[in-house]
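Peer 1: There's a structure below that I have some questions on.
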Amino acid sequence: QVQLVESGGGLVQAGGSLRLSCAASGSKFSINPMGWYRQAPGKRRELVAVITSAGSTNYADSVKGRFTISRDNAKNTVYLHMSSLKPEDTAVYYCYAELVTLDSYWGQGTQVTVSS
């Protein structure tokens, strides 16, 4: 069973920065895309950023230029560096990983709160 363990959430003032980490373990197969989604209260879960094993990235328009996704394939770890944070970035952030078998997994979520 694949497990995704997230860390790095917390409370930050608007304009500040945070870095989220997500480490995957227990997979017998290679992991292709890894990414981050977020869900604010009363809203649908939305894609924030995704990165393939080759390093190709895709970002939501709302975070382009402020967030950077990266990964360490050797450690099966994905990172999300968030800067210039805004109150509207407040949400629970979920790590996502998809194996080459197309099975997908989610982390437990980490709260990010941006105060104005």
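The way I read the labels, and the way they are meant: chains A, B, ... in the order of the structure tokens, residue 1 as the first residue of every chain, and ligand 1 as the first ligand shown, with later ones counted on from there.
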Where in segment 43-98 of chain A does DSSP assign helix (DSSP H, G or I), given as a PyMOL selection string?

Peer 2: chain A and resi 73-75+87-89

Peer 1: Give me, as a list in words, all polymer residues having an atom no more than 12 Å from segment 56-62 of chain A, counting only C-alpha atoms and skipping those fewer than 4 positions away in the same chain.

Peer 2: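 Answer for this query is Asn32, Pro33, Met34, Gly35, Trp36, Tyr37, Arg38, Glu46, Leu47, Val48, Ala49, Val50, Ile51, Thr52, Arg66, Phe67, Thr68, Ile69, Ser70, Arg71, Val78, Leu80, Met82, Ser84, Leu85, Lys86, Glu88 and Asp89 of chain A.
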
Peer 1: Would you mind telling me which residue in A:Ser27, A:Ser53, A:Ser83, A:Thr90 lies nearest to Thr113 of chain A when using only C-alpha atoms?

Peer 2: A:Thr90

Peer 1: Quick one: pull the distance between atom CA of Leu18 of chain A and atom CA of Val112 of chain A, Å, one decimal.

Peer 2: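 It comes out at 8.6 Å.
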
Peer 1: How far is it from atom CA of Leu99 of chain A to atom CA of Ala24 of chain A, in Å with one decimal?

Peer 2: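 A separation of 10.8 Å between them.
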
Peer 1: Based on DSSP run over this structure's backbone, return all residues of chain A in strand (DSSP E), as a PyMOL selection string.

Peer 2: chain A and resi 3-7+10-13+18-25+31-39+46-51+57-59+67-72+77-82+91-99+104-106+110-115

Peer 1: Please, what distance in Å, to one decimal, runs between atom CA of Leu11 of chain A and atom CA of Val114 of chain A?

Peer 2: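 Between these atoms lies a distance of 5.9 Å.
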
Peer 1: If we count only C-alpha atoms and set the cut-off at 10 Å, which residues sit around Thr77 of chain A, ignoring sequence neighbours fewer than 3 positions away in its own chain? Please answer as a VMD selection string.

Peer 2: chain A and resid 4 to 6 21 to 25 34 70 to 74 97

Peer 1: When distances are computed from only C-alpha atoms, which of A:Ser116, A:Val100, A:Phe29, A:Asn76 shows the smallest separation from Val12 of chain A?

Peer 2: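 Looking at the shortest contact to Val12 of chain A, the residue is A:Ser116.
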
Peer 1: Near Gly42 of chain A, counting only C-alpha atoms, which residues have an atom at most 12 Å away, once you skip same-chain residues fewer than 3 positions from it, shown as a ChimeraX atom specification?

Peer 2: /A:38-39,45,91-92

Peer 1: List the neighbours of Leu20 of chain A out to 6 Å using only C-alpha atoms; skip same-chain residues closer than 5 positions along the sequence, and give me the result as a PyMOL selection string.

Peer 2: chain A and resi 7-8+79-80
